[in-house]
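Presented below is the structure to which this report refers.
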Amino acid sequence: MDKNMKILVVDDFSTMRRIVRNLLGDLGYSQITEADDGKTAWPLLQAGSFDFVVTDWNMPGMTGIELLRAIRADARIGKTPVLMVTAEAQRDQIIEAAQAGVNGYIIKPFNAVTLKEKIDKIFQRIGETA
Amino acid sequence: MSAPSEDRELLIGALRAWLERLESGGSIDAPPALAELLQMQDHAFYRQVAELTRRLHTAVVELRLDERLSRLAGDAIPDARSRLHHVVHMTEAAAHRTLDLVDQMRGIAAHIAQGAAALQDQGTAPLAAALQADAQALRGKLSELATAQEYQDLTGQIIKRIITLVEDVEAALLELLGAHAGALKTPAPMPIPETKAALAGPALPGQETTSQQDADALLASLGV
């Protein structure tokens with residue numbers, strides 16, 4: 001996996017953005033950009049060539065599921081892998097995210113091991129289908 | 001509505017008299033005594049309705065002008081709201097402070113590792129290895145410490161929901177206060193729109209939720 005890949009971390013809580021950035025840093029990723037909701041993430045995604053998006057679900061302005069749908073509906077960035085990291089632990093929500101085309105789903109609170117596992121799995125799958 | 005017994009006797013007597021008159025082929029109009037009785041009953045009914053209306057009106061007026069209600073909508077609820085916001089800010093600041101310290105200690109751990117590497121070059125391998133292991137363990141614990149700060153996001157989300165609820169109650173009270181609300185010192189902002197309240201939010205004690213393992217199984221069944 002390319003440790004230089006550009007990652008966008010989207011969460012309305014600055015604490016959580018920092019934690020995710022820290023964990024990604026521990027895993028060797030350093031090209032990390034932050035956004036505090038879907039609305040601020042969208043122009044960043046349009047402008048910069050991000051390789052991976054880690055997003056929360058429940059955010060003001062534009063939610064993570066809305067962001068995911070917007071990404072999937074966009075011809076240019078539609079294939080960007082998206083990992084949802086959220087406190088939403090309802091079955092319906094997980095199914096909704098899967099149907100919207102999410103690549104991975106982590107329920108908060110989570111730990112470094114889970115994050116690594118999901119990222120590895122996402123890129124292993126992409127490698128298999130590429 | 002039951003008439004007092006004397007009214008009842010009078011009514012029965014009047015009805016009997018009317019019936020007798022009808023049977024004997026007299027006028028079909030109610031006899032004056034009966035008409036008077038019925039009118040009295042009507043009056044009692046209307047009096048009661050009027051009394052209820054007056055009491056309802058008084059209650060509504062009193063409610064609108066109730067100082068306690070004004071205080072609640074004008075002061076107490078905005079106060080509760082700002083206290084909750086304060087809790088969110090305090091935990092956020094505390095979590096960031098912890099993360100700052102973790103960052104600093106990471107630097108120290110890296111420094112220890114460098115020192116151990118230097119020792120190894122000088123031929124003190126066992127000590128160097130021990131130091132390396134310590135530095136590694138320290139880094140691992142610091143990472144856990146940083147991750148543990150995610151409580152701030154989760155508790156913050158729960159508190160923000162309560163703030164929304166408080167705002168809704170506040171808006172409802174202000175609506176109830178109606179015109180009187182204009183005179184309140186602190187006008188309240190409109191509550192956050194309901195659209196996102198459909199989400200369940202962080203798991204609460206006693207709530208049935210999906211674990212990461214359940215989620216993984218569910219996602220696998222959906223091909224993710």
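In the structure tokens, chains take letters A, B, ... by order of appearance, with residues numbered from 1 within each chain and ligands from 1 in the order shown.
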
Residues of chain A within 8 Å of chain B: nearest atom pair and distance (Å, one decimal) for each, counting only C-alpha atoms, sorted by chain and number, as a Markdown table?
| residue | atom | partner | partner_atom | distance |
| --- | --- | --- | --- | --- |
| A:Phe13 | CA | B:Asp153 | CA | 5.9 |
| A:Thr15 | CA | B:His96 | CA | 6.4 |
| A:Met16 | CA | B:Glu150 | CA | 5.9 |
| A:Ile19 | CA | B:Thr147 | CA | 5.8 |
| A:Asn22 | CA | B:Ser143 | CA | 7.8 |
| A:Leu23 | CA | B:Ser143 | CA | 7.3 |
| A:Asp26 | CA | B:Ser143 | CA | 7.9 |
| A:Asn58 | CA | B:Lys196 | CA | 7.4 |
| A:Ala87 | CA | B:Pro202 | CA | 4.6 |
| A:Glu88 | CA | B:Gly201 | CA | 5.2 |
| A:Ala89 | CA | B:Thr210 | CA | 5.2 |
| A:Gln90 | CA | B:Thr209 | CA | 6.0 |
| A:Arg91 | CA | B:Thr210 | CA | 6.7 |
| A:Ile94 | CA | B:Ala215 | CA | 7.0 |
| A:Ile95 | CA | B:Leu219 | CA | 7.4 |
| A:Ala98 | CA | B:Val224 | CA | 6.6 |
| A:Val102 | CA | B:Val224 | CA | 7.4 |
| A:Asn103 | CA | B:Val224 | CA | 6.1 |
| A:Gly104 | CA | B:Val224 | CA | 6.9 |
| A:Tyr105 | CA | B:Ala215 | CA | 7.6 |
| A:Ile106 | CA | B:Gln212 | CA | 6.7 |
| A:Ile107 | CA | B:Gln212 | CA | 6.0 |
| A:Lys108 | CA | B:Leu154 | CA | 7.7 |
| A:Pro109 | CA | B:Glu150 | CA | 6.7 |
| A:Asn111 | CA | B:Thr147 | CA | 6.6 |
| A:Ala112 | CA | B:Thr147 | CA | 7.6 |

Selected residues written out, C-alpha atoms, as a tab-separated table (two decimals), in the first residue's frame:
chain	number	residue	atom	x	y	z
A	13	PHE	CA	-15.23	17.02	15.99
A	15	THR	CA	-10.65	15.85	18.57
A	16	MET	CA	-11.69	12.94	16.38
A	19	ILE	CA	-7.10	11.09	16.66
A	22	ASN	CA	-2.58	10.36	14.71
A	23	LEU	CA	-3.58	6.76	14.04
A	26	ASP	CA	1.25	5.65	13.24
A	58	ASN	CA	-23.51	12.63	11.49
A	87	ALA	CA	-21.06	6.30	16.12
A	88	GLU	CA	-24.13	5.18	14.15
A	89	ALA	CA	-24.42	1.51	15.03
A	90	GLN	CA	-27.92	0.73	13.77
A	91	ARG	CA	-28.37	-2.12	11.30
A	94	ILE	CA	-24.95	0.05	8.01
A	95	ILE	CA	-27.14	-1.32	5.22
A	98	ALA	CA	-23.35	-0.40	2.06
A	102	VAL	CA	-19.16	2.45	1.23
A	103	ASN	CA	-15.88	0.46	1.22
A	104	GLY	CA	-15.61	-0.01	4.97
A	105	TYR	CA	-17.55	0.80	8.13
A	106	ILE	CA	-16.07	1.33	11.59
A	107	ILE	CA	-18.22	1.88	14.67
A	108	LYS	CA	-16.95	4.39	17.25
A	109	PRO	CA	-15.40	3.87	19.73
A	111	ASN	CA	-9.02	1.31	18.06
A	112	ALA	CA	-5.87	1.36	15.96

| field | DSSP-assigned strand (DSSP E or B) members of segment 7-114 of chain A, reported as a PyMOL selection string | value | chain A and resi 7-10+32-35+52-55+82-86+104-107

| All residues 8 Å or closer to segment 67-82 of chain A, only C-alpha atoms, same chain fewer than 2 positions away omitted, as a ChimeraX atom specification | /A:38-39,42,45-46,50-55,62-65,84,100-104,122

| request: Could you give me the residues within segment 73-213 of chain B that DSSP places in helix (DSSP H, G or I), as a ChimeraX atom specification? | output: /B:73-121,125-148,151-183,194-198,212-213

| Could you name the residues that touch Val166 of chain B at 10 Å or less, counting only C-alpha atoms, but leaving out those on the same chain fewer than 6 positions away, as a PyMOL selection string? | chain B and resi 77-78+80-81+84+160+172+191

Writing out the chosen residues with N, CA and C atoms as a JSON list (two decimals), in the first residue's frame:
[["chain", "number", "residue", "atom", "x", "y", "z"],
["B", 77, "ILE", "N", -33.69, 28.09, 30.36],
["B", 77, "ILE", "CA", -33.34, 27.19, 29.26],
["B", 77, "ILE", "C", -32.11, 27.68, 28.50],
["B", 78, "PRO", "N", -32.03, 28.98, 28.14],
["B", 78, "PRO", "CA", -30.76, 29.42, 27.54],
["B", 78, "PRO", "C", -29.58, 29.15, 28.45],
["B", 80, "ALA", "N", -29.29, 26.61, 30.63],
["B", 80, "ALA", "CA", -29.00, 25.17, 30.53],
["B", 80, "ALA", "C", -28.25, 24.89, 29.23],
["B", 81, "ARG", "N", -28.69, 25.54, 28.18],
["B", 81, "ARG", "CA", -28.07, 25.37, 26.87],
["B", 81, "ARG", "C", -26.61, 25.79, 26.92],
["B", 84, "LEU", "N", -24.43, 23.34, 28.79],
["B", 84, "LEU", "CA", -24.13, 22.13, 28.01],
["B", 84, "LEU", "C", -23.06, 22.42, 26.96],
["B", 160, "LYS", "N", -24.81, 17.29, 22.42],
["B", 160, "LYS", "CA", -25.36, 18.15, 21.37],
["B", 160, "LYS", "C", -26.82, 17.80, 21.06],
["B", 172, "ALA", "N", -40.87, 25.84, 21.84],
["B", 172, "ALA", "CA", -42.27, 25.52, 22.11],
["B", 172, "ALA", "C", -42.82, 26.44, 23.20],
["B", 191, "PRO", "N", -34.72, 26.60, 16.71],
["B", 191, "PRO", "CA", -34.02, 25.32, 16.93],
["B", 191, "PRO", "C", -33.42, 24.80, 15.63]]

Skipping near chain neighbours, those fewer than 5 positions away, what residues fall within 10 Å of Pro31 of chain B using only C-alpha atoms, listed as a compact mmCIF listing (two decimals) with N, CA and C atoms, in the first residue's frame?
# COMPACT_ATOMS: atom_id res chain seq x y z
N ALA B 14 -95.56 18.31 35.22
CA ALA B 14 -95.85 19.10 34.02
C ALA B 14 -95.99 18.22 32.79
N LEU B 15 -95.10 17.19 32.71
CA LEU B 15 -95.16 16.26 31.56
C LEU B 15 -96.46 15.46 31.58
N ALA B 17 -99.28 16.38 32.90
CA ALA B 17 -100.38 17.29 32.54
C ALA B 17 -100.42 17.47 31.03
N TRP B 18 -99.18 17.61 30.42
CA TRP B 18 -99.10 17.80 28.97
C TRP B 18 -99.63 16.57 28.23
N ARG B 21 -103.29 16.37 28.41
CA ARG B 21 -103.93 17.34 27.51
C ARG B 21 -103.86 16.86 26.06
N GLU B 36 -91.31 26.77 30.95
CA GLU B 36 -90.52 27.51 31.92
C GLU B 36 -89.45 26.61 32.55

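Minimum distance to Gly61 of chain A across A:Asp92, A:Gly28, A:Asp11, A:Arg17 (counting only C-alpha atoms) occurs at A:Asp11.
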
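Note that atom CA of Val102 of chain B and atom CA of Thr40 of chain A are 28.2 Å apart.
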
| field | Spatial neighbours of Met1 of chain A, max dist 9 Å, only C-alpha atoms, sep filter under 2 positions, as a PyMOL selection string | value | chain A and resi 3-5+120+123-124

| said: Ranking B:Ala113, B:Met105, B:Ala118, B:Ala33 by minimum distance to Leu131 of chain B and counting only C-alpha atoms, which one comes first? | reply: B:Ala113

| request: Please provide the set of residues having any atom within 6 Å of Val10 of chain A, restricted to only C-alpha atoms, with same-chain residues fewer than 3 positions apart removed, written as a ChimeraX atom specification. | output: /A:34-37,55
